[in-house]
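Have a look at protein34.cif below; it lists mmCIF, C-alpha atoms.
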data_final
#
loop_
_atom_site.group_PDB
_atom_site.id
_atom_site.type_symbol
_atom_site.label_atom_id
_atom_site.label_comp_id
_atom_site.auth_asym_id
_atom_site.auth_seq_id
_atom_site.Cartn_x
_atom_site.Cartn_y
_atom_site.Cartn_z
ATOM 1 C CA LEU N 1 20.336 -26.010 63.521
ATOM 2 C CA PHE N 2 18.774 -22.663 62.697
ATOM 3 C CA ILE N 3 20.536 -22.464 59.315
ATOM 4 C CA TYR N 4 19.537 -26.046 58.509
ATOM 5 C CA THR N 5 15.887 -25.302 59.379
ATOM 6 C CA LEU N 6 15.945 -22.144 57.259
ATOM 7 C CA ILE N 7 17.357 -24.006 54.260
ATOM 8 C CA CYS N 8 14.728 -26.717 54.629
ATOM 9 C CA SER N 9 11.979 -24.095 54.840
ATOM 10 C CA ILE N 10 13.197 -22.323 51.690
ATOM 11 C CA SER N 11 13.413 -25.628 49.829
ATOM 12 C CA TYR N 12 9.877 -26.503 50.898
ATOM 13 C CA VAL N 13 8.505 -23.124 49.780
ATOM 14 C CA ASN N 14 10.279 -23.414 46.417
ATOM 15 C CA ALA N 15 8.889 -26.905 45.921
ATOM 16 C CA ILE N 16 5.348 -25.734 46.705
ATOM 17 C CA SER N 17 5.718 -22.706 44.379
ATOM 18 C CA THR N 18 6.974 -24.880 41.541
ATOM 19 C CA ASP N 19 4.076 -27.270 42.011
ATOM 20 C CA LEU N 20 1.571 -24.395 42.010
ATOM 21 C CA GLN N 21 3.026 -22.936 38.800
ATOM 22 C CA LYS N 22 2.298 -26.219 37.067
ATOM 23 C CA SER N 23 -1.298 -26.434 38.208
ATOM 24 C CA VAL N 24 -2.773 -22.915 38.551
ATOM 25 C CA PHE N 25 -3.187 -19.665 36.631
ATOM 26 C CA ARG N 26 -2.124 -16.410 38.212
ATOM 27 C CA LEU N 27 -4.478 -13.483 37.671
ATOM 28 C CA HIS N 28 -3.031 -10.020 38.252
ATOM 29 C CA VAL N 29 -5.402 -7.073 37.802
ATOM 30 C CA ILE N 30 -3.728 -3.666 37.963
ATOM 31 C CA ALA N 31 -5.707 -0.582 39.004
ATOM 32 C CA ASN N 32 -5.227 2.806 37.367
ATOM 33 C CA SER N 33 -4.271 4.281 40.749
ATOM 34 C CA ASP N 34 -4.388 3.700 44.504
ATOM 35 C CA SER N 35 -7.596 5.715 44.868
ATOM 36 C CA GLU N 36 -10.537 4.012 46.540
ATOM 37 C CA ASP N 37 -12.663 4.135 43.364
ATOM 38 C CA ASP N 38 -9.947 2.567 41.202
ATOM 39 C CA GLN N 39 -9.204 -0.113 43.783
ATOM 40 C CA ASN N 40 -12.895 -1.006 44.063
ATOM 41 C CA LEU N 41 -13.125 -1.166 40.267
ATOM 42 C CA LYS N 42 -10.103 -3.454 40.201
ATOM 43 C CA LEU N 43 -11.797 -5.860 42.622
ATOM 44 C CA LYS N 44 -14.985 -5.876 40.538
ATOM 45 C CA VAL N 45 -12.978 -6.696 37.418
ATOM 46 C CA ARG N 46 -11.142 -9.455 39.280
ATOM 47 C CA ASP N 47 -14.347 -10.974 40.627
ATOM 48 C CA ASN N 48 -16.065 -10.959 37.219
ATOM 49 C CA VAL N 49 -13.063 -12.509 35.485
ATOM 50 C CA LEU N 50 -12.815 -15.206 38.133
ATOM 51 C CA ARG N 51 -16.535 -15.906 37.899
ATOM 52 C CA TYR N 52 -16.295 -16.333 34.132
ATOM 53 C CA MET N 53 -13.187 -18.497 34.352
ATOM 54 C CA ASN N 54 -14.705 -20.709 37.041
ATOM 55 C CA THR N 55 -17.822 -21.247 34.923
ATOM 56 C CA LEU N 56 -15.801 -22.009 31.802
ATOM 57 C CA CYS N 57 -13.464 -24.399 33.589
ATOM 58 C CA SER N 58 -15.928 -25.995 36.011
ATOM 59 C CA LYS N 59 -15.308 -29.484 34.633
ATOM 60 C CA THR N 60 -11.607 -29.279 33.842
ATOM 61 C CA THR N 61 -9.170 -31.347 35.893
ATOM 62 C CA SER N 62 -5.818 -29.922 34.814
ATOM 63 C CA LYS N 63 -4.091 -26.750 33.732
ATOM 64 C CA GLU N 64 -3.661 -28.193 30.245
ATOM 65 C CA GLU N 65 -7.407 -28.763 29.898
ATOM 66 C CA ALA N 66 -8.086 -25.209 31.020
ATOM 67 C CA ILE N 67 -5.666 -23.811 28.432
ATOM 68 C CA GLU N 68 -7.422 -25.829 25.739
ATOM 69 C CA LYS N 69 -10.798 -24.524 26.924
ATOM 70 C CA PHE N 70 -9.647 -20.919 26.703
ATOM 71 C CA GLY N 71 -8.263 -21.464 23.208
ATOM 72 C CA ILE N 72 -5.563 -18.864 23.899
ATOM 73 C CA ARG N 73 -1.893 -19.615 23.400
ATOM 74 C CA ILE N 74 1.126 -17.598 24.472
ATOM 75 C CA GLY N 75 1.504 -14.545 22.267
ATOM 76 C CA GLU N 76 -2.105 -14.503 21.075
ATOM 77 C CA PRO N 77 -3.465 -10.979 20.418
ATOM 78 C CA VAL N 78 -6.335 -9.978 22.714
ATOM 79 C CA VAL N 79 -8.493 -6.896 22.171
ATOM 80 C CA PRO N 80 -11.223 -5.299 24.305
ATOM 81 C CA ASP N 81 -14.804 -5.801 23.122
ATOM 82 C CA VAL N 82 -15.920 -2.173 22.840
ATOM 83 C CA THR N 83 -18.566 -0.649 20.575
ATOM 84 C CA PHE N 84 -18.022 2.872 19.261
ATOM 85 C CA THR N 85 -20.751 5.369 20.176
ATOM 86 C CA TYR N 86 -21.435 9.009 19.357
ATOM 87 C CA SER N 87 -23.812 11.370 21.149
ATOM 88 C CA GLU N 88 -25.208 14.289 19.145
ATOM 89 C CA THR N 89 -26.305 15.877 22.402
ATOM 90 C CA THR N 90 -22.796 16.118 23.860
ATOM 91 C CA ASP N 91 -20.806 15.830 20.596
ATOM 92 C CA LEU N 92 -18.720 13.163 22.303
ATOM 93 C CA MET N 93 -17.344 9.969 20.788
ATOM 94 C CA VAL N 94 -16.607 6.996 23.039
ATOM 95 C CA GLY N 95 -14.578 4.011 21.938
ATOM 96 C CA LYS N 96 -11.316 2.114 22.051
ATOM 97 C CA SER N 97 -7.943 2.785 20.460
ATOM 98 C CA PHE N 98 -8.599 6.454 19.707
ATOM 99 C CA ASP N 99 -4.809 6.682 19.706
ATOM 100 C CA CYS N 100 -4.684 6.320 16.846
ATOM 101 C CA ARG N 101 -7.959 5.337 15.190
ATOM 102 C CA LEU N 102 -8.825 9.031 15.193
ATOM 103 C CA GLY N 103 -5.561 9.687 13.381
ATOM 104 C CA CYS N 104 -6.381 7.101 10.716
ATOM 105 C CA ALA N 105 -9.874 8.547 10.323
ATOM 106 C CA ALA N 106 -8.427 12.063 10.009
ATOM 107 C CA ILE N 107 -6.108 10.922 7.206
ATOM 108 C CA LEU N 108 -9.031 9.387 5.318
ATOM 109 C CA LYS N 109 -11.279 12.413 5.760
ATOM 110 C CA THR N 110 -8.514 14.821 4.735
ATOM 111 C CA MET N 111 -7.854 12.819 1.574
ATOM 112 C CA HIS N 112 -11.595 12.660 0.882
ATOM 113 C CA ASN N 113 -12.089 16.418 1.371
ATOM 114 C CA LEU N 114 -9.200 17.289 -0.941
ATOM 115 C CA ALA N 115 -10.014 14.742 -3.642
ATOM 116 C CA GLY N 116 -10.292 16.371 -7.075
ATOM 117 C CA GLN N 117 -8.860 19.716 -5.962
ATOM 118 C CA ASP N 118 -6.013 21.350 -7.853
ATOM 119 C CA LEU N 119 -3.087 21.361 -5.416
ATOM 120 C CA ASN N 120 0.577 22.277 -5.737
ATOM 121 C CA VAL N 121 1.690 19.185 -3.854
ATOM 122 C CA ASP N 122 1.126 15.461 -4.167
ATOM 123 C CA ILE N 123 -0.512 14.092 -1.021
ATOM 124 C CA VAL N 124 0.211 10.613 0.283
ATOM 125 C CA GLY N 125 -1.727 9.232 3.245
ATOM 126 C CA ALA N 126 -0.111 6.497 5.317
ATOM 127 C CA CYS N 127 -1.309 4.627 8.396
ATOM 128 C CA ALA N 128 1.564 3.151 10.400
ATOM 129 C CA ALA N 129 1.467 0.413 13.044
ATOM 130 C CA GLN N 130 3.518 -0.068 16.229
ATOM 131 C CA GLU N 131 3.870 3.588 17.184
ATOM 132 C CA GLU N 132 3.758 2.650 20.865
ATOM 133 C CA VAL N 133 6.729 0.293 20.595
ATOM 134 C CA GLY N 134 9.306 2.532 18.957
ATOM 135 C CA VAL N 135 7.438 4.157 16.022
ATOM 136 C CA ARG N 136 8.457 1.154 13.939
ATOM 137 C CA GLY N 137 5.746 1.419 11.310
ATOM 138 C CA ALA N 138 6.428 5.097 10.646
ATOM 139 C CA THR N 139 10.129 4.332 10.306
ATOM 140 C CA VAL N 140 9.254 2.067 7.381
ATOM 141 C CA THR N 141 6.558 4.233 5.729
ATOM 142 C CA ALA N 142 8.770 7.335 5.895
ATOM 143 C CA GLN N 143 11.541 5.493 4.057
ATOM 144 C CA VAL N 144 9.100 4.313 1.396
ATOM 145 C CA ILE N 145 7.311 7.637 0.853
ATOM 146 C CA LYS N 146 10.323 9.949 1.390
ATOM 147 C CA PRO N 147 8.157 12.992 2.174
ATOM 148 C CA ASP N 148 9.224 16.619 1.721
ATOM 149 C CA ILE N 149 6.897 17.707 4.520
ATOM 150 C CA ALA N 150 4.469 15.924 6.820
ATOM 151 C CA ILE N 151 1.420 16.294 9.023
ATOM 152 C CA VAL N 152 1.062 13.663 11.736
ATOM 153 C CA PHE N 153 -2.425 13.059 13.118
ATOM 154 C CA GLU N 154 -2.476 11.846 16.702
ATOM 155 C CA GLY N 155 -4.929 10.843 19.387
ATOM 156 C CA CYS N 156 -3.235 12.838 22.144
ATOM 157 C CA PRO N 157 -3.929 12.333 25.868
ATOM 158 C CA ALA N 158 -6.199 15.026 27.295
ATOM 159 C CA ASP N 159 -5.096 16.341 30.673
ATOM 160 C CA ASP N 160 -8.204 18.345 31.614
ATOM 161 C CA THR N 161 -9.328 15.795 34.213
ATOM 162 C CA CYS N 162 -6.036 15.113 35.962
ATOM 163 C CA VAL N 163 -4.193 18.411 36.558
ATOM 164 C CA GLU N 164 -4.992 21.781 38.061
ATOM 165 C CA GLN N 165 -6.917 24.067 35.707
ATOM 166 C CA TYR N 166 -3.992 26.428 35.180
ATOM 167 C CA MET N 167 -1.838 23.493 34.025
ATOM 168 C CA VAL N 168 -4.248 22.163 31.408
ATOM 169 C CA GLN N 169 -2.666 22.082 27.941
ATOM 170 C CA THR N 170 -4.935 19.635 26.164
ATOM 171 C CA ALA N 171 -8.668 19.792 26.826
ATOM 172 C CA ILE N 172 -11.523 18.318 24.835
ATOM 173 C CA LYS N 173 -13.795 20.741 22.957
ATOM 174 C CA ARG N 174 -11.029 23.340 22.654
ATOM 175 C CA GLY N 175 -9.682 22.241 19.314
ATOM 176 C CA PRO N 176 -6.795 20.021 18.210
ATOM 177 C CA MET N 177 -3.466 20.245 20.021
ATOM 178 C CA LEU N 178 -0.191 21.113 18.272
ATOM 179 C CA ARG N 179 2.864 20.215 20.345
ATOM 180 C CA HIS N 180 6.063 22.245 20.268
ATOM 181 C CA ILE N 181 8.157 19.480 21.783
ATOM 182 C CA ASP N 182 7.950 15.991 23.214
ATOM 183 C CA ALA N 183 10.422 13.338 24.299
ATOM 184 C CA ARG N 184 11.590 12.547 20.765
ATOM 185 C CA MET N 185 10.946 15.575 18.591
ATOM 186 C CA ILE N 186 11.364 19.339 18.677
ATOM 187 C CA THR N 187 8.759 20.531 16.204
ATOM 188 C CA ASN N 188 10.025 22.625 13.300
ATOM 189 C CA PRO N 189 9.341 26.108 14.737
ATOM 190 C CA ARG N 190 8.607 27.881 11.423
ATOM 191 C CA TYR N 191 6.177 25.207 10.307
ATOM 192 C CA GLN N 192 4.561 25.116 13.741
ATOM 193 C CA ARG N 193 4.104 28.891 13.831
ATOM 194 C CA TYR N 194 2.741 28.862 10.278
ATOM 195 C CA ALA N 195 0.084 26.324 11.284
ATOM 196 C CA LEU N 196 -0.859 28.164 14.474
ATOM 197 C CA ASP N 197 -1.058 31.540 12.714
ATOM 198 C CA LEU N 198 -3.164 30.058 9.918
ATOM 199 C CA ALA N 199 -5.562 28.524 12.445
ATOM 200 C CA GLU N 200 -5.937 31.898 14.163
ATOM 201 C CA LYS N 201 -6.487 33.671 10.846
ATOM 202 C CA LEU N 202 -9.202 31.236 9.779
ATOM 203 C CA GLY N 203 -10.867 31.003 13.183
ATOM 204 C CA ILE N 204 -10.043 27.324 13.673
ATOM 205 C CA PRO N 205 -9.717 26.645 17.422
ATOM 206 C CA VAL N 206 -6.403 25.034 18.379
ATOM 207 C CA GLN N 207 -4.296 24.453 21.470
ATOM 208 C CA ASP N 208 -0.524 24.353 21.645
ATOM 209 C CA ALA N 209 1.471 22.512 24.261
ATOM 210 C CA VAL N 210 4.833 21.222 25.380
ATOM 211 C CA ARG N 211 5.268 17.625 26.491
ATOM 212 C CA SER N 212 8.158 16.283 28.560
ATOM 213 C CA ALA N 213 7.230 12.666 27.800
ATOM 214 C CA GLY N 214 5.594 10.658 25.072
ATOM 215 C CA ALA N 215 6.192 10.778 21.333
ATOM 216 C CA THR N 216 4.470 10.340 17.983
ATOM 217 C CA ASN N 217 5.258 9.023 14.527
ATOM 218 C CA GLY N 218 6.796 12.421 13.894
ATOM 219 C CA ALA N 219 9.835 11.133 15.794
ATOM 220 C CA ALA N 220 10.716 8.852 12.891
ATOM 221 C CA ILE N 221 9.429 10.998 10.048
ATOM 222 C CA HIS N 222 11.321 14.192 10.904
ATOM 223 C CA LEU N 223 14.647 12.309 10.754
ATOM 224 C CA THR N 224 14.010 10.816 7.309
ATOM 225 C CA GLU N 225 16.550 11.496 4.536
ATOM 226 C CA LYS N 226 17.927 15.034 5.097
ATOM 227 C CA ALA N 227 15.232 15.881 7.697
ATOM 228 C CA VAL N 228 11.563 16.626 7.143
ATOM 229 C CA PRO N 229 9.471 19.507 8.534
ATOM 230 C CA VAL N 230 6.729 17.892 10.648
ATOM 231 C CA ILE N 231 3.859 19.134 12.749
ATOM 232 C CA VAL N 232 1.594 17.001 14.926
ATOM 233 C CA ILE N 233 -2.133 17.748 14.941
ATOM 234 C CA GLY N 234 -3.548 15.886 17.915
ATOM 235 C CA VAL N 235 -7.185 15.168 18.712
ATOM 236 C CA PRO N 236 -7.536 15.280 22.526
ATOM 237 C CA VAL N 237 -8.571 11.952 24.065
ATOM 238 C CA ARG N 238 -9.620 11.568 27.670
ATOM 239 C CA TYR N 239 -8.444 8.276 29.191
ATOM 240 C CA ALA N 240 -6.260 7.477 26.184
ATOM 241 C CA HIS N 241 -4.836 3.929 26.098
ATOM 242 C CA THR N 242 -7.770 2.551 28.088
ATOM 243 C CA HIS N 243 -10.736 0.551 26.768
ATOM 244 C CA TYR N 244 -12.920 3.667 26.610
ATOM 245 C CA GLY N 245 -11.478 6.884 25.236
ATOM 246 C CA ILE N 246 -13.600 10.039 25.040
ATOM 247 C CA SER N 247 -13.160 12.679 22.336
ATOM 248 C CA ALA N 248 -15.180 15.535 20.882
ATOM 249 C CA TYR N 249 -16.118 15.260 17.222
ATOM 250 C CA ALA N 250 -15.620 19.024 16.856
ATOM 251 C CA ASP N 251 -11.936 18.594 17.779
ATOM 252 C CA PHE N 252 -11.590 15.860 15.164
ATOM 253 C CA ASP N 253 -13.357 17.980 12.543
ATOM 254 C CA ASN N 254 -11.175 21.008 13.256
ATOM 255 C CA ALA N 255 -8.028 18.872 13.033
ATOM 256 C CA VAL N 256 -9.061 17.861 9.510
ATOM 257 C CA LYS N 257 -10.008 21.444 8.595
ATOM 258 C CA LEU N 258 -6.600 22.747 9.648
ATOM 259 C CA ALA N 259 -4.761 20.027 7.754
ATOM 260 C CA CYS N 260 -6.780 20.714 4.612
ATOM 261 C CA GLU N 261 -6.144 24.460 4.781
ATOM 262 C CA ILE N 262 -2.413 23.916 5.233
ATOM 263 C CA LEU N 263 -2.231 21.503 2.311
ATOM 264 C CA LYS N 264 -4.171 23.859 0.024
ATOM 265 C CA ARG N 265 -1.515 26.525 0.570
ATOM 266 C CA LEU N 266 1.637 24.441 0.348
ATOM 267 C CA ASP N 267 3.994 24.717 -2.597
ATOM 268 C CA GLU N 268 7.707 24.198 -3.110
ATOM 269 C CA GLU N 269 8.601 27.730 -2.054
ATOM 270 C CA GLN N 270 6.548 27.527 1.118
ATOM 271 C CA ILE N 271 8.046 24.156 2.064
ATOM 272 C CA ARG N 272 11.573 25.470 1.519
ATOM 273 C CA SER N 273 10.807 28.416 3.829
ATOM 274 C CA PHE N 274 10.415 26.045 6.757
#
Can you give me the file's structure in the form of structure tokens?
Amino acid sequence: LFIYTLICSISYVNAISTDLQKSVFRLHVIANSDSEDDQNLKLKVRDNVLRYMNTLCSKTTSKEEAIEKFGIRIGEPVVPDVTFTYSETTDLMVGKSFDCRLGCAAILKTMHNLAGQDLNVDIVGACAAQEEVGVRGATVTAQVIKPDIAIVFEGCPADDTCVEQYMVQTAIKRGPMLRHIDARMITNPRYQRYALDLAEKLGIPVQDAVRSAGATNGAAIHLTEKAVPVIVIGVPVRYAHTHYGISAYADFDNAVKLACEILKRLDEEQIRSF
């Protein structure tokens, strides 16, 4: 009797669940952490989303009508509505997708600064998509360009708000970060040391770090053809991969300065020395 009752109960629950799936939306808001502030923020987000959805769908009578009202199908891209801001007082930029909008901007500014100069190398700038899902774009661009050497610009996560002070490797307003290693690349040590020494010589503030996780487009580029010397110049971003990243313009500017100074000095002999 007990087994029979249990089976009936499970069947009833499954039937109810199936019926609910056909008639309701499930909203799942995930907090950044279990802290009280993050949990309270999560509830505020949930309540505002529900309020908007209830207003939008106040006269709908079915799930299908609600879907039509939203105008969003499965697989549709959705982006946060965030306006970029810059404060001259604090020298801070606030905006979305700094990993890697800052990288794209650094490429453009580097190319602009070096335009018309007599260099010993041909410079190609490339912006690659889908870094976060297996550096797929860089895999393609590296095969097309076939570089002899590369500089990867990156919006790198700042850790100056989430670890003890003695553990901080990437802080805003301390210059761009050059990583020695991450999960998918050991940086060419000669090229890395050359960049760090040049920054010190020219008085360009930089930070160097080691990362046990994460990766950049350098992962694909350094394995191209017969291997490519690559360094990563990262602009520190607080709260990277959230709707509002925070970065210092000075760090961005110094990242571009270092890249430009490296490129001015490169020639075939120097590249071969790496």
Query raised in the report: Which residue out of N:Asp91, N:Asp38, N:Glu64, N:Asp47 has the minimum interatomic distance to Asp253 in chain N when all atoms listed in the file are used?
Result: N:Asp91
Query - Residues returned when the PyMOL selection byres ((chain N and resi 231) around 9) runs on this file, as a ChimeraX atom specification - result: /N:149-153,178-180,187-188,191-192,195,218,229-230,232-233
Report task. Starting from the displayed file, determine the output of the PyMOL selection byres ((chain N and resi 107) around 9) and express the residue list as a VMD selection string. Result -> chain N and resid 102 to 106 108 to 112 125 to 127 152 to 153 256
Kindly export the residues of the current selection with C-alpha atoms, as a tab-separated table (two decimals), keeping the file's coordinate frame.
chain	number	residue	atom	x	y	z
N	102	LEU	CA	-8.82	9.03	15.19
N	103	GLY	CA	-5.56	9.69	13.38
N	104	CYS	CA	-6.38	7.10	10.72
N	105	ALA	CA	-9.87	8.55	10.32
N	106	ALA	CA	-8.43	12.06	10.01
N	108	LEU	CA	-9.03	9.39	5.32
N	109	LYS	CA	-11.28	12.41	5.76
N	110	THR	CA	-8.51	14.82	4.74
N	111	MET	CA	-7.85	12.82	1.57
N	112	HIS	CA	-11.60	12.66	0.88
N	125	GLY	CA	-1.73	9.23	3.24
N	126	ALA	CA	-0.11	6.50	5.32
N	127	CYS	CA	-1.31	4.63	8.40
N	152	VAL	CA	1.06	13.66	11.74
N	153	PHE	CA	-2.42	13.06	13.12
N	256	VAL	CA	-9.06	17.86	9.51
Could you list the residues chosen by the PyMOL selection byres ((chain N and resi 57) around 12) in this structure as a PDB file with C-alpha atoms, in the coordinates of the input?
ATOM      1  CA  VAL N  24      -2.773 -22.915  38.551  1.00  0.00           C
ATOM      2  CA  PHE N  25      -3.187 -19.665  36.631  1.00  0.00           C
ATOM      3  CA  LEU N  50     -12.815 -15.206  38.133  1.00  0.00           C
ATOM      4  CA  ARG N  51     -16.535 -15.906  37.899  1.00  0.00           C
ATOM      5  CA  TYR N  52     -16.295 -16.333  34.132  1.00  0.00           C
ATOM      6  CA  MET N  53     -13.187 -18.497  34.352  1.00  0.00           C
ATOM      7  CA  ASN N  54     -14.705 -20.709  37.041  1.00  0.00           C
ATOM      8  CA  THR N  55     -17.822 -21.247  34.923  1.00  0.00           C
ATOM      9  CA  LEU N  56     -15.801 -22.009  31.802  1.00  0.00           C
ATOM     10  CA  SER N  58     -15.928 -25.995  36.011  1.00  0.00           C
ATOM     11  CA  LYS N  59     -15.308 -29.484  34.633  1.00  0.00           C
ATOM     12  CA  THR N  60     -11.607 -29.279  33.842  1.00  0.00           C
ATOM     13  CA  THR N  61      -9.170 -31.347  35.893  1.00  0.00           C
ATOM     14  CA  SER N  62      -5.818 -29.922  34.814  1.00  0.00           C
ATOM     15  CA  LYS N  63      -4.091 -26.750  33.732  1.00  0.00           C
ATOM     16  CA  GLU N  64      -3.661 -28.193  30.245  1.00  0.00           C
ATOM     17  CA  GLU N  65      -7.407 -28.763  29.898  1.00  0.00           C
ATOM     18  CA  ALA N  66      -8.086 -25.209  31.020  1.00  0.00           C
ATOM     19  CA  ILE N  67      -5.666 -23.811  28.432  1.00  0.00           C
ATOM     20  CA  GLU N  68      -7.422 -25.829  25.739  1.00  0.00           C
ATOM     21  CA  LYS N  69     -10.798 -24.524  26.924  1.00  0.00           C
ATOM     22  CA  PHE N  70      -9.647 -20.919  26.703  1.00  0.00           C
ATOM     23  CA  GLY N  71      -8.263 -21.464  23.208  1.00  0.00           C
TER      24      GLY N  71
END
Report task. Fewer than 6 positions away in the same chain doesn't count, so skip those; otherwise give me all residues within 10 Å of range 130-132 of chain N, counting only C-alpha atoms, as a ChimeraX atom specification. Result -> /N:99-100,138-139,214-220
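The nearest approach to Lys264 in chain N among the residues N:Ser33, N:Asn40, N:Thr224, N:Gln117, with all atoms listed in the file taken into account, belongs to N:Gln117.
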Query raised in the report: How many Å separate CA of Ala128 in chain N from CA of Ala142 in chain N?
Result: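 Straight-line distance from CA of Ala128 in chain N to CA of Ala142 in chain N works out to 9.5 Å.
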Query raised in the report: Got a sec: who's within 7 Å of Asp182 in chain N, counting only C-alpha atoms, leaving out chain neighbours fewer than 3 positions off, as number ranges by chain?
Result: N: 185-186, 210-215
Requested in this report: Choose the residue, out of N:Arg174, N:Lys257, N:Arg272, N:His243, that has the smallest atom-to-atom separation from Gln207 in chain N; count all atoms listed in the file.
Outcome: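 Using all atoms listed in the file, the shortest distance to Gln207 in chain N belongs to N:Arg174.
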